[in-house]
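Down below is the structure, laid out as structure tokens.
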Amino acid sequence: MSERDIPDPDARPDTPESAPEASGTASAGGTAAPEQTLLEQMGGVAGLAYSAVPIVVFVVVNALTGLMPAIWSAIGVAVAIAVYRLVRREPLQPAISGLLGVAVCSYIAYRSGDAKGFFLLGIYTSLVYGGAFLVSVLVRWPLVGVAWSLLNGLGMDWRNQRRAMTGYDLATMAWVVVFGAKYIVQQWLYNEDATGWLAFARIAMGYPLTGLALIVTVWAVRRAGKVAQEVAEQEAAADRAAYARYAGGSIAPETGGSGAAQ
């Protein structure tokens with residue numbers, strides 16, 4: 001075998017070095033700014049603040065005048081916020097979701113004839129979300145990992161990596177605790193007819209608990225990205241070693257044959 005017959009690692013289109021580099025780039029791109037991506041999905045910091053305004057307006061107007069003025073005031077404020085966000089070219093989905101949420105809550109309050117009905121949707125939404133997150137952990141498909149992978153176009157290889165799986169399990173359980181706490185506290189206040197405290201709990205529990213869950217989620221995303229990078233580097237090292245053995249094996253017979261001929 002001549003020297004030109006030996007495979008050239010630099011000329012191979014699928015060299016081991018190229019594969020992990022692409023994988024590492026994807027991993028880094030997927031976890032470059034998890035805080036920003038997560039906040040964007042929730043409408044940003046402003047979106048979190050906007051969501052509190054119709055609630056405050058509803059409770060204040062209800063206490064001063066009555067249920068129907070409170071309903072129309074909350075809807076009017078929600079419409080104004082949605083229009084304002086659209087004019088500013090902010091993300092459309094959070095603006096529309098906020099408006100629809102206020103409209104549905106107002107309708108429930110109207111049908112029940114009680115101001116506390118405005119909070120009923122949020123209470124049972126917390127129960128449903130908490131149950132869904134809990135079930136996802138039990139069936140080994142933690143929703144934090146699934147949602148993050150889908151939102152960023154990543155694969156599900158992290159399910160085969162124990163440390164990444166553990167991180168996503170913990171992050172998902174953090175959301176279970178958040179939704180569970182919201183449901184328990186607000187359901188109790190609902191049964192006590194404490195409409196004002198319901199509004200306070202809705203806002204007060206929203207920001208701190210969501211912030212804590214986001215911190216755990218960001219940690220899990222970064223942990224999964226680091227694990228994916230380590231796995232890619234290990235696979236690259238194994239591929240390089242295998243290629244070195246292959247290249248060495250292809251040279252050995254020629255060297256031995258030349259020695260025998262001499």
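Every chain in the structure tokens takes a letter, A first, then B, and so on in the order presented; its residues are numbered from 1, and the ligands are numbered from 1 following the presented order.
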
**Request:** For Ile81 (chain A), please output as a PyMOL selection string all residues within 12 Å (counting only C-alpha atoms; exclusion window: fewer than 6 positions along the same chain).
**Result:** chain A and resi 46-47+49-54+74-75+87-88+90+92+94-99+102

**Asked** as a ChimeraX atom specification, which residues of region 83-216 of chain A does DSSP assign to alpha helix (DSSP H)?
**Response** /A:83-87,92-112,120-138,143-151,162-191,195-216

**Message:** Report, in Å to a single decimal, how far apart CA of Thr172 (chain A) and CA of Val185 (chain A) are.
**Reply:**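 Interatomic distance, CA of Val185 (chain A) to CA of Thr172 (chain A): 20.3 Å.
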
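Of the listed residues (A:Val57, A:Leu121, A:Tyr168, A:Leu150), A:Tyr168 comes nearest to Ser136 (chain A); the distances count only C-alpha atoms.
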
**Asked** In Å, how far is it from CA of Val56 (chain A) to CA of Asp193 (chain A)?
**Response**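 Computed distance, CA of Val56 (chain A) to CA of Asp193 (chain A), equals 16.9 Å.
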
**Item:** Counting only C-alpha atoms, the residue of A:Tyr190, A:Tyr129, A:Tyr183, A:Phe119 that sits nearest Tyr107 (chain A)
**Value:**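 Between A:Tyr190, A:Tyr129, A:Tyr183, A:Phe119, the residue approaching Tyr107 (chain A) most closely is A:Phe119.
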
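Pairwise distance (CA of Asp157 (chain A), CA of Gln229 (chain A)) equals 11.8 Å.
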
**Request:** Counting only C-alpha atoms, figure out which residue out of A:Ile71, A:Ala181, A:Val60, A:Ala171 gets nearest to Arg202 (chain A).
**Result:**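 Nearest candidate to Arg202 (chain A) out of A:Ile71, A:Ala181, A:Val60, A:Ala171: A:Ala181.
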
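Proximity ranking of A:Asp169, A:Asp114, A:Asp239, A:Glu230 relative to Leu67 (chain A) places A:Asp114 first, based on only C-alpha atoms.
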